[in-house]
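**Q** Have a look at this one before I ask anything.
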Amino acid sequence: MHPNRHLFVGVDVGGTFTDIAATDGEIWSYAKIPSDNANPERAILEGIRKVADGDLASVEMIIHGSTIVPNTVLEKKGAKLAVITTSGFRDVFGIGREFRFDSYDLNIEKPESLCPRNRIFEIGERVLADGTCHTPIDERELDHTFRKLEEAGAESVAIVLMHSYANPTHEDTIAQHLDGRFDVSKSSAVAPVIGEYLRGSTTLINAYVQPVVVRYLKDLSAQLAAQGFKGRLFLMISQAAITDLTDACSTPVKLLEAGTSAGVIAAVHTLGTASGDDVVSFDVGGTTAKICLCRKGEIPRARELEIARQNRFKRGSGFPIRIDGVELLEIGAGGGSIVSVDQAGWIKVGPQSAGANPGPACYGSGGTQPTVTDANLLLGYLDPDNFAGGSMRLLPDEARACFEDISRRLEAPVVDIAAAVFSMINTQMADALRLHVIERGGNPTKATMVAFGGGGPLHGYEVARLAGLGKIVVPPQAGVTSAIGLLLAPPAYEASRNLYRLVGGVDLPDLSATIDELVSEVSREFTRKFGSQPTKYFCFSDMSYVGQGNEIIVRFPVPEHGQADPIDDDAILHKFEKSYRELGGNLVPGVAIQMTRVTVRGEGDPFVIRSEAAVNTAAAEDHCKYRDVYFPENGAFLETAVIERRHMVPARTYHGPLLIEEAETTTVIGPSATASLDPHSNIRIEFVVRPK
Amino acid sequence: MLDVPLLAARLTAAVDEAAGLLVRTAFSTIIRDANDYVCMLMDAEGNALCENATAIPAFTGCLPITTAHLLGRWPADQLHPGDAFITNDPWIGTGHLYDVCVLVPIFAEGRCIGFAGSVAHMADIGGVTWGVDSRSIYEEGLRIPLSTLRRGGEPNRELIDLIRSNVRVPNEVLGDITALVNSNDVVAERVTAILKEEKLEDLTEVSEGICRSSEAAMRAVIADIPDGVYRSAVEIDGFNVPLTIGCSIEIRGSDIVVDYSDSSPAQEFAINVPLNNTFAMTAYVLKCLLDPLTARNQGTYRPLKVTAKPGTLLNAIDPAPVNARHLTFLHLASPIMQAMSGAIPENVIAESGSPFIQVVFNGLNARNQPYAHPTFDAPGMGARSHSDGLSATPFPNNTGGAPIEVVERYTGLRYLYKRLVPDSGGPGRYRGGLGSEIAVKVEGDTAVDCSILGDRVRNPASGVLGGGPGAPAMVELNGSSLPSKCRVRLHKGHILTIRNGGGGGYGDPRTRPAEAIARDREQGLVTEKGCLAYAS
């Protein structure tokens, strides 16, 4: 239909659906295709054909968010892995973290190392903490080790030597020796940080997934080309940015949290990057809720993530990964979260989830355990005849039946149990959200929530009310928000150096030189990947009081080249103290402050700019339905108007209680708030009565 | 009607918020590496209501007792908003001087309605450095009786100066005390706000609700165990002579009385345990065994009574030395598990390699700065009724070794290796976890002073229900063995080897499946010789 369209397509592959968002700069279109986990390319190609009207030649760029890294680790489908490490330290990887992630449960299991002990080979070399060589590598021993790797049938090799973050030459020597014969991951390249297990765990995961990711991206590229795609394929990475295929193939562990960081980008863009407000991204799916505070719209950075948790949400029960990512909180609370009663007779919600299969009892697809969605249905939040755009009928009788056991046990009517479940999950999310906001130095009462995902707009009102937030924004297409976020993500490249430097020390030129080096490296690599220079640079430093274990990330501007006094220690000190106070700490006079790592990020402009979305064209219908909906603040069911989102008109104030339905979600406006449609077709909800 | 679980969740979130602040702003490495801190909420009577998610049991069981002491000294009508109280008295707090407890009363409508409490292990407390060889409490450092730290918002400057002039690293210690006070203030502020939002006058009703349900859950499990007296005795290394912990567990209906009077008398070295700690550790082990998953609070403790004759190892009397009391109380899991193994075989686990060997290195690093580095490299855990014990995982303590690269950078010491010890897991239907071993070489020119706090050299972790024992622990200097409790000075080139014991096995080793034995053999966790223990 448009012969010269230049389409930009975002593809977000999730466990249940593959979401597609596409735009030519003016018109946006979307698709939602059931995922095929054994063969994810199929849903991707189907979705792209759909938004491109079958003409892949019209697609200029595809930005892909993939879950292949976590899935490969969770399903144990990675490469046959071997590890080469310093003599004396082969058990570091199997020992992992020694503490128990649950103090009381004596039957916990720790994650099993991705590389069995008999495929971990030690070689006699040693670098010391200051980077000097204590024992050089013996080339003959390398030949011997090489034969052992072949005998073991290794496909991918992780090289993790002691202190290689301070001096990578031994790892480089070994890698050259193995070059071309195995896939090789060097810890000094994948995660050049201090801490042998943390760096090692990251490198092992990289090596484990690498052959799988490379194969997948190759297949996908070939299939896209076969269908006429001639444009460029980029990948979303955890650092809230996109990268090219080369980078994704050499450091695939970076792809870990692609979808999550795309969602946060979309949330920030919903409010407009220039608004300067504190944004709380609130993404509720079937299994988890993801919460992220973006202060003044700036996406916060995390330095450590975790994968393959044994006990789904217990911190410390998985493999730690040291890559830069988005600092967010994920809790085991979503629509599929299972309701149970513990020994003390207390209602528990989650973290186990009925997922998509069997799903909540009211789906009628075999689930018998009660879930949050079943409670939401009984409380009137969901319309059994108009769920998922009418494509699915919910069964209230099944929802009631699944709560009967608990009802008998607690001697309370089913509807009271459902109300208690609703309160419990909202309280859990609100407390977690509040804690996350405060710990990040924010103020809940001044932040705006952006609610999306299947459950975000439904639980957003109550969670905001409990956590004390004043405003909620629900973007259009709240079910494909992450796919939209992929298109809005900037291209970026980052480089880091470790340094152990006291602020106010004498070695100031050292820092300026380091930053200059990093800027050149970033500029060079960025240009190679994206064909232009970065439009902006950021500098981040990990800082703490000397003796404190907990570092904070302080951001400061990259100095212009050629300035006489490029980096001012007083300014850095001031920034550290300001951040430290914001995070709730009292300054400690008399204790020195140190910098341990510095990172430079070069960022370009996103390829797509979110234009003003078309305002609803459908005529306003005054006709609306009513149904009884339970609101915790009243402790009662209220007669509540129900309208369709496409019937909302701008410049009109809608009063709660009100439900706004659309295909993928239902937006709840409680009795204490009003709603309106803004020029970007976002629903804006504001509390009128501040409930106390 | 009051939604108790919901309120419990909200109050717990307040305590977790405080704990997050404490960890982020603390200095003592032992706070973050060994999780050696707690934050708690108590009601106006001092009943425990909730604790932070990673709270350590050795502390949570003690703080309600500390609060009772506070109320005995300053009744509620003498408390004011803005007050804060402090103590590190072993018999009032948590058993040794390093642990500083801070309590802050919480007010609503002008009335004291509860207490925020927190405890953390300080980087230093004066006296001899941490070790086993003190002969009385007076050698162990500064003792702070229950005192005011802040009265109506006004800090007690004399006390602060007293602390400042008695510890080696005053900025860090006072920084950590400040963090304790701040975290309690957060709890107080949040609890007051929650009560207001929920339109409650005080915590009485919610406290009753919270404690009643946990008490009922605990009692339901106890009632299922046949009444009777279950006894056991275990031998422990002691300082210079072997000692006995005698344990009798009496179950009557839904009540449990645990008595340790049949234990050795208190010793002249610092391995004695104040009764507070004996209670806390016993309560923890029983909770793990009987009802691990429900919330922990005063209700958990109500069915339980813990006694020991005054002057014995597990009820040491002031001024007995207690600096390394964990070397005794970490044994308590063993007699309790052994005593209960017949009655609840599914719940018990074999003995674990704790108390483990810990070495505190004191020296100068490459920049000539002093350091104190305590090791936490772990022993093996006992085998469970349906699975092998976890290797390099401690129980009942929950600690972990710091990254070797961090230690080397910070101290200038060099690790020659850290490895699992093959065959150290006790044989059984399920194998005990393997212990870890490290060897550390002194590379610098200045001497390094070491304090060794260890056990399980002469008495390794026993197996249970037919399982065999784990391997014993060992400390060596240049290949010659050292006692598990001593001080030693190392010089350039010296190598200290620390081998932690393995966990005991569970069940008859001859019933272990052949595949499991073969897998252990293939992975080198059990040697060919070690396989003989499984031969029928």
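By order in the structure tokens, chains are A, B, ...; within a chain, residues start at 1; ligands start at 1, following the order shown.
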Compile the contact shell of B:Ile357 as JSON, numbers by chain: residues with an atom at most 12 Å away, counting only C-alpha atoms, same-chain residues fewer than 2 positions apart removed.

**A** {"B": [324, 326, 327, 330, 353, 354, 355, 359, 360, 374, 375, 376, 377, 378, 379, 380, 394, 401, 435, 436, 437, 438, 451, 452, 453, 454, 455, 456, 457, 472, 473, 474, 475, 476, 482, 483, 484, 485, 486, 497, 498, 499, 500, 501, 502]}

**Q** Taking N, CA and C atoms for each residue, export the selection above as a tab-separated table (two decimals), in the first residue's frame.

**A**
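Done, and the output landed in out_8.tsv:
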```tsv
chain	number	residue	atom	x	y	z
B	324	ALA	N	34.17	-15.66	72.39
B	324	ALA	CA	33.98	-16.58	71.26
B	324	ALA	C	32.89	-17.59	71.59
B	326	HIS	N	30.27	-18.25	70.24
B	326	HIS	CA	29.68	-18.97	69.11
B	326	HIS	C	30.33	-20.34	68.90
B	327	LEU	N	31.57	-20.51	69.38
B	327	LEU	CA	32.23	-21.81	69.20
B	327	LEU	C	31.51	-22.90	70.00
B	330	LEU	N	27.15	-22.68	68.37
B	330	LEU	CA	26.92	-23.22	67.02
B	330	LEU	C	26.86	-24.75	67.02
B	353	GLY	N	29.48	-29.07	59.62
B	353	GLY	CA	30.88	-28.76	59.96
B	353	GLY	C	31.08	-27.53	60.83
B	354	SER	N	30.01	-26.81	61.18
B	354	SER	CA	30.14	-25.67	62.10
B	354	SER	C	30.09	-26.19	63.52
B	355	PRO	N	30.75	-25.51	64.50
B	355	PRO	CA	31.51	-24.27	64.34
B	355	PRO	C	32.74	-24.49	63.47
B	359	VAL	N	39.86	-17.64	60.99
B	359	VAL	CA	41.12	-16.99	61.34
B	359	VAL	C	40.95	-15.50	61.13
B	360	VAL	N	41.31	-14.71	62.14
B	360	VAL	CA	41.30	-13.26	61.96
B	360	VAL	C	42.75	-12.83	61.74
B	374	PRO	N	38.71	-11.22	58.90
B	374	PRO	CA	38.21	-12.51	59.40
B	374	PRO	C	37.79	-13.41	58.24
B	375	THR	N	38.22	-14.66	58.24
B	375	THR	CA	37.80	-15.59	57.18
B	375	THR	C	36.44	-16.19	57.53
B	376	PHE	N	35.66	-16.49	56.48
B	376	PHE	CA	34.38	-17.17	56.68
B	376	PHE	C	34.25	-18.35	55.72
B	377	ASP	N	35.38	-18.83	55.20
B	377	ASP	CA	35.31	-19.93	54.23
B	377	ASP	C	34.66	-21.14	54.92
B	378	ALA	N	33.74	-21.77	54.19
B	378	ALA	CA	32.73	-22.58	54.87
B	378	ALA	C	33.05	-24.06	54.97
B	379	PRO	N	32.48	-24.70	55.99
B	379	PRO	CA	32.53	-26.15	56.12
B	379	PRO	C	31.36	-26.76	55.32
B	380	GLY	N	31.18	-28.06	55.43
B	380	GLY	CA	30.05	-28.71	54.75
B	380	GLY	C	28.84	-28.80	55.66
B	394	PRO	N	27.56	-23.29	55.47
B	394	PRO	CA	27.53	-23.46	56.92
B	394	PRO	C	26.11	-23.63	57.47
B	401	GLY	N	32.50	-16.80	52.73
B	401	GLY	CA	33.83	-16.23	52.52
B	401	GLY	C	33.77	-15.05	51.57
B	435	GLY	N	33.64	-30.00	52.98
B	435	GLY	CA	34.19	-28.78	53.55
B	435	GLY	C	35.14	-28.10	52.56
B	436	SER	N	35.46	-26.83	52.80
B	436	SER	CA	36.40	-26.13	51.94
B	436	SER	C	37.74	-26.00	52.65
B	437	GLU	N	38.80	-25.85	51.85
B	437	GLU	CA	40.14	-25.68	52.42
B	437	GLU	C	40.82	-24.52	51.71
B	438	ILE	N	41.48	-23.67	52.48
B	438	ILE	CA	42.27	-22.60	51.88
B	438	ILE	C	43.71	-22.67	52.41
B	451	SER	N	44.48	-14.66	64.95
B	451	SER	CA	43.72	-15.24	66.04
B	451	SER	C	42.89	-16.35	65.42
B	452	ILE	N	43.05	-17.56	65.94
B	452	ILE	CA	42.33	-18.70	65.36
B	452	ILE	C	41.18	-19.09	66.28
B	453	LEU	N	39.97	-19.07	65.71
B	453	LEU	CA	38.79	-19.44	66.47
B	453	LEU	C	38.14	-20.60	65.73
B	454	GLY	N	38.35	-21.82	66.24
B	454	GLY	CA	37.82	-22.96	65.51
B	454	GLY	C	37.41	-24.10	66.40
B	455	ASP	N	36.93	-25.15	65.75
B	455	ASP	CA	36.47	-26.32	66.48
B	455	ASP	C	36.39	-27.47	65.48
B	456	ARG	N	35.87	-28.62	65.94
B	456	ARG	CA	35.65	-29.80	65.08
B	456	ARG	C	36.95	-30.38	64.54
B	457	VAL	N	38.06	-30.19	65.33
B	457	VAL	CA	39.30	-30.84	64.95
B	457	VAL	C	39.30	-32.25	65.52
B	472	PRO	N	37.24	-34.37	59.84
B	472	PRO	CA	37.49	-33.31	60.82
B	472	PRO	C	38.14	-32.07	60.19
B	473	ALA	N	38.11	-30.98	60.94
B	473	ALA	CA	38.77	-29.75	60.52
B	473	ALA	C	40.25	-29.81	60.91
B	474	MET	N	41.02	-28.84	60.41
B	474	MET	CA	42.45	-28.86	60.65
B	474	MET	C	43.03	-27.48	60.37
B	475	VAL	N	44.02	-27.07	61.18
B	475	VAL	CA	44.76	-25.85	60.87
B	475	VAL	C	46.24	-26.20	60.90
B	476	GLU	N	46.99	-25.73	59.90
B	476	GLU	CA	48.41	-26.03	59.86
B	476	GLU	C	49.21	-24.78	59.55
B	482	LEU	N	48.27	-26.91	64.19
B	482	LEU	CA	48.08	-25.94	65.28
B	482	LEU	C	46.80	-26.29	66.01
B	483	PRO	N	46.68	-25.84	67.28
B	483	PRO	CA	45.40	-26.01	67.97
B	483	PRO	C	44.30	-25.19	67.27
B	484	SER	N	43.04	-25.57	67.44
B	484	SER	CA	41.94	-24.87	66.76
B	484	SER	C	41.61	-23.55	67.45
B	485	LYS	N	42.18	-23.33	68.63
B	485	LYS	CA	41.93	-22.07	69.33
B	485	LYS	C	43.27	-21.55	69.83
B	486	CYS	N	43.82	-20.56	69.16
B	486	CYS	CA	45.12	-20.05	69.59
B	486	CYS	C	45.43	-18.74	68.87
B	497	THR	N	47.30	-23.09	56.54
B	497	THR	CA	46.29	-23.90	55.85
B	497	THR	C	45.08	-24.07	56.77
B	498	ILE	N	43.92	-23.79	56.26
B	498	ILE	CA	42.70	-23.89	57.06
B	498	ILE	C	41.76	-24.86	56.36
B	499	ARG	N	41.55	-26.01	56.95
B	499	ARG	CA	40.67	-27.00	56.34
B	499	ARG	C	39.42	-27.15	57.20
B	500	ASN	N	38.29	-26.87	56.63
B	500	ASN	CA	37.04	-27.01	57.37
B	500	ASN	C	36.45	-28.40	57.18
B	501	GLY	N	35.75	-28.84	58.18
B	501	GLY	CA	35.21	-30.19	58.18
B	501	GLY	C	34.01	-30.35	57.25
B	502	GLY	N	33.69	-31.59	56.94
B	502	GLY	CA	32.51	-31.89	56.12
B	502	GLY	C	31.31	-32.17	56.99
```

**Q** Applying 8 Å and only C-alpha atoms, which residues near B:Asp202 remain after dropping the ones on its own chain fewer than 6 positions away? List them as a VMD selection string.

**A** chain B and resid 108 113 195

**Q** Set the distance at 7 Å and use only C-alpha atoms: which residues neighbour A:Val558 once local chain neighbours fewer than 5 positions away are removed? I'd like the list as a count of residues only.

**A** 3

**Q** Using only C-alpha atoms, which of the listed residues (A:Val92, A:Val190, A:Leu233, A:Leu435) sits closest to B:Val15?

**A**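 Closest residue, counting only C-alpha atoms: A:Leu435.
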
**Q** Check which residues of stretch 201-235 of chain B sit at most 9 Å from stretch 49-68 of chain B using only C-alpha atoms, and return one row each with the closest pair of atoms and their distance in Å to one decimal, ordered by chain and rising number, as a Markdown table.

**A**
```
| residue | atom | partner | partner_atom | distance |
| --- | --- | --- | --- | --- |
| B:Val206 | CA | B:Leu49 | CA | 8.9 |
| B:Ser207 | CA | B:Leu49 | CA | 6.3 |
| B:Ile210 | CA | B:Leu49 | CA | 6.9 |
| B:Cys211 | CA | B:Leu49 | CA | 7.2 |
```

**Q** How would the residues just picked look written out with N, CA and C atoms as a JSON list (two decimals), in the first residue's frame?

**A**
```json
[["chain", "number", "residue", "atom", "x", "y", "z"],
["B", 206, "VAL", "N", -2.96, -6.10, 66.97],
["B", 206, "VAL", "CA", -2.21, -6.74, 65.88],
["B", 206, "VAL", "C", -1.14, -7.68, 66.44],
["B", 207, "SER", "N", -0.54, -7.30, 67.56],
["B", 207, "SER", "CA", 0.47, -8.15, 68.19],
["B", 207, "SER", "C", -0.14, -9.49, 68.60],
["B", 210, "ILE", "N", -0.83, -11.53, 65.43],
["B", 210, "ILE", "CA", 0.40, -12.05, 64.80],
["B", 210, "ILE", "C", 0.95, -13.22, 65.61],
["B", 211, "CYS", "N", 1.07, -13.01, 66.93],
["B", 211, "CYS", "CA", 1.71, -14.02, 67.76],
["B", 211, "CYS", "C", 0.83, -15.27, 67.91]]
```

**Q** Can you list every residue in stretch 1-218 of chain A that DSSP puts in alpha helix (DSSP H), as a PyMOL selection string?

**A** chain A and resi 40-51+68-74+92-95+139-151+169-178+187-190+196-218

**Q** Expressed in Å to a single decimal, how great is the separation between atom CA of A:Tyr30 and atom CA of A:Arg393?

**A**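 Value for the atom CA of A:Tyr30-atom CA of A:Arg393 distance: 23.6 Å.
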
**Q** Do a neighbour search on A:Arg501 at 7 Å with only C-alpha atoms, toss out local chain neighbours closer than 5 positions, and write the hits as a count of residues only.

**A** 3

**Q** Residues within 10 Å of stretch 9-12 of chain B, please, as a ChimeraX atom specification. Count only C-alpha atoms; anything in the same chain fewer than 3 positions from it doesn't count.

**A** /A:424,427-428,430-432 /B:4-6,15-18,39-41,49-53,187,190-191,194-195

**Q** Next, the residues of the selection above should be written as a JSON list (two decimals), in the first residue's frame with N, CA, C and O atoms.

**A**
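The resulting file, selection.json, is shown below:
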```json
[["chain", "number", "residue", "atom", "x", "y", "z"],
["A", 424, "MET", "N", -3.99, -8.09, 49.75],
["A", 424, "MET", "CA", -2.65, -8.60, 50.03],
["A", 424, "MET", "C", -1.71, -8.34, 48.87],
["A", 424, "MET", "O", -0.61, -7.84, 49.06],
["A", 427, "THR", "N", -0.98, -4.66, 48.57],
["A", 427, "THR", "CA", -0.12, -4.19, 49.66],
["A", 427, "THR", "C", 1.32, -4.62, 49.41],
["A", 427, "THR", "O", 2.25, -3.85, 49.60],
["A", 428, "GLN", "N", 1.48, -5.88, 48.98],
["A", 428, "GLN", "CA", 2.84, -6.36, 48.69],
["A", 428, "GLN", "C", 3.50, -5.50, 47.62],
["A", 428, "GLN", "O", 4.65, -5.09, 47.75],
["A", 430, "ALA", "N", 2.61, -2.42, 46.73],
["A", 430, "ALA", "CA", 2.75, -1.03, 47.18],
["A", 430, "ALA", "C", 3.93, -0.88, 48.13],
["A", 430, "ALA", "O", 4.71, 0.07, 48.05],
["A", 431, "ASP", "N", 4.10, -1.85, 49.04],
["A", 431, "ASP", "CA", 5.22, -1.78, 49.98],
["A", 431, "ASP", "C", 6.55, -1.90, 49.25],
["A", 431, "ASP", "O", 7.51, -1.18, 49.54],
["A", 432, "ALA", "N", 6.58, -2.83, 48.28],
["A", 432, "ALA", "CA", 7.81, -3.02, 47.51],
["A", 432, "ALA", "C", 8.12, -1.76, 46.71],
["A", 432, "ALA", "O", 9.26, -1.32, 46.64],
["B", 4, "VAL", "N", -4.87, -9.29, 59.93],
["B", 4, "VAL", "CA", -3.57, -9.48, 60.58],
["B", 4, "VAL", "C", -2.43, -9.74, 59.59],
["B", 4, "VAL", "O", -1.39, -9.08, 59.65],
["B", 5, "PRO", "N", -2.62, -10.68, 58.62],
["B", 5, "PRO", "CA", -1.51, -10.92, 57.69],
["B", 5, "PRO", "C", -1.11, -9.66, 56.93],
["B", 5, "PRO", "O", 0.07, -9.41, 56.70],
["B", 6, "LEU", "N", -2.12, -8.86, 56.57],
["B", 6, "LEU", "CA", -1.85, -7.64, 55.82],
["B", 6, "LEU", "C", -1.03, -6.66, 56.67],
["B", 6, "LEU", "O", -0.05, -6.08, 56.21],
["B", 15, "VAL", "N", 10.36, -2.75, 58.69],
["B", 15, "VAL", "CA", 11.60, -3.27, 59.26],
["B", 15, "VAL", "C", 12.63, -3.54, 58.16],
["B", 15, "VAL", "O", 13.83, -3.28, 58.33],
["B", 16, "ASP", "N", 12.15, -4.03, 57.01],
["B", 16, "ASP", "CA", 13.06, -4.27, 55.88],
["B", 16, "ASP", "C", 13.63, -2.96, 55.35],
["B", 16, "ASP", "O", 14.78, -2.90, 54.91],
["B", 17, "GLU", "N", 12.81, -1.93, 55.37],
["B", 17, "GLU", "CA", 13.29, -0.62, 54.93],
["B", 17, "GLU", "C", 14.45, -0.18, 55.82],
["B", 17, "GLU", "O", 15.48, 0.30, 55.35],
["B", 18, "ALA", "N", 14.28, -0.37, 57.12],
["B", 18, "ALA", "CA", 15.33, 0.00, 58.08],
["B", 18, "ALA", "C", 16.59, -0.83, 57.86],
["B", 18, "ALA", "O", 17.71, -0.31, 57.89],
["B", 39, "CYS", "N", 17.22, -6.02, 62.35],
["B", 39, "CYS", "CA", 16.28, -4.96, 62.71],
["B", 39, "CYS", "C", 14.98, -5.63, 63.09],
["B", 39, "CYS", "O", 14.54, -6.54, 62.40],
["B", 40, "MET", "N", 14.37, -5.16, 64.19],
["B", 40, "MET", "CA", 13.15, -5.81, 64.68],
["B", 40, "MET", "C", 12.15, -4.79, 65.18],
["B", 40, "MET", "O", 12.50, -3.66, 65.52],
["B", 41, "LEU", "N", 10.91, -5.25, 65.27],
["B", 41, "LEU", "CA", 9.85, -4.46, 65.92],
["B", 41, "LEU", "C", 9.29, -5.27, 67.08],
["B", 41, "LEU", "O", 8.98, -6.45, 66.92],
["B", 49, "LEU", "N", 7.47, -8.83, 67.15],
["B", 49, "LEU", "CA", 6.40, -8.87, 66.14],
["B", 49, "LEU", "C", 6.94, -9.24, 64.77],
["B", 49, "LEU", "O", 6.35, -10.05, 64.07],
["B", 50, "CYS", "N", 8.00, -8.61, 64.35],
["B", 50, "CYS", "CA", 8.57, -8.98, 63.05],
["B", 50, "CYS", "C", 10.04, -8.58, 63.00],
["B", 50, "CYS", "O", 10.51, -7.78, 63.80],
["B", 51, "GLU", "N", 10.72, -9.16, 62.01],
["B", 51, "GLU", "CA", 12.16, -8.98, 61.86],
["B", 51, "GLU", "C", 12.47, -8.84, 60.38],
["B", 51, "GLU", "O", 11.66, -9.20, 59.53],
["B", 52, "ASN", "N", 13.65, -8.30, 60.06],
["B", 52, "ASN", "CA", 14.01, -8.14, 58.64],
["B", 52, "ASN", "C", 14.23, -9.50, 57.98],
["B", 52, "ASN", "O", 14.46, -10.51, 58.66],
["B", 53, "ALA", "N", 14.14, -9.51, 56.64],
["B", 53, "ALA", "CA", 14.08, -10.78, 55.90],
["B", 53, "ALA", "C", 15.30, -11.66, 56.14],
["B", 53, "ALA", "O", 15.18, -12.87, 56.20],
["B", 187, "VAL", "N", 11.97, 2.72, 61.50],
["B", 187, "VAL", "CA", 10.90, 1.81, 61.93],
["B", 187, "VAL", "C", 9.86, 2.59, 62.74],
["B", 187, "VAL", "O", 8.65, 2.46, 62.51],
["B", 190, "ARG", "N", 7.69, 4.80, 60.50],
["B", 190, "ARG", "CA", 6.79, 4.04, 59.64],
["B", 190, "ARG", "C", 5.66, 3.42, 60.45],
["B", 190, "ARG", "O", 4.51, 3.42, 60.04],
["B", 191, "VAL", "N", 5.99, 2.86, 61.62],
["B", 191, "VAL", "CA", 4.96, 2.19, 62.42],
["B", 191, "VAL", "C", 3.92, 3.20, 62.87],
["B", 191, "VAL", "O", 2.71, 2.95, 62.81],
["B", 194, "ILE", "N", 1.73, 3.88, 59.92],
["B", 194, "ILE", "CA", 0.84, 2.75, 59.57],
["B", 194, "ILE", "C", -0.34, 2.70, 60.55],
["B", 194, "ILE", "O", -1.49, 2.52, 60.16],
["B", 195, "LEU", "N", -0.04, 2.88, 61.84],
["B", 195, "LEU", "CA", -1.12, 2.85, 62.83],
["B", 195, "LEU", "C", -2.15, 3.93, 62.53],
["B", 195, "LEU", "O", -3.36, 3.70, 62.62]]
```

**Q** Restricting the calculation to only C-alpha atoms: of B:His386, B:Arg409, B:Arg73, B:Arg296, which residue gets closest to chain A?

**A**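 Once distances to chain A are computed over only C-alpha atoms, the minimum belongs to B:Arg409.
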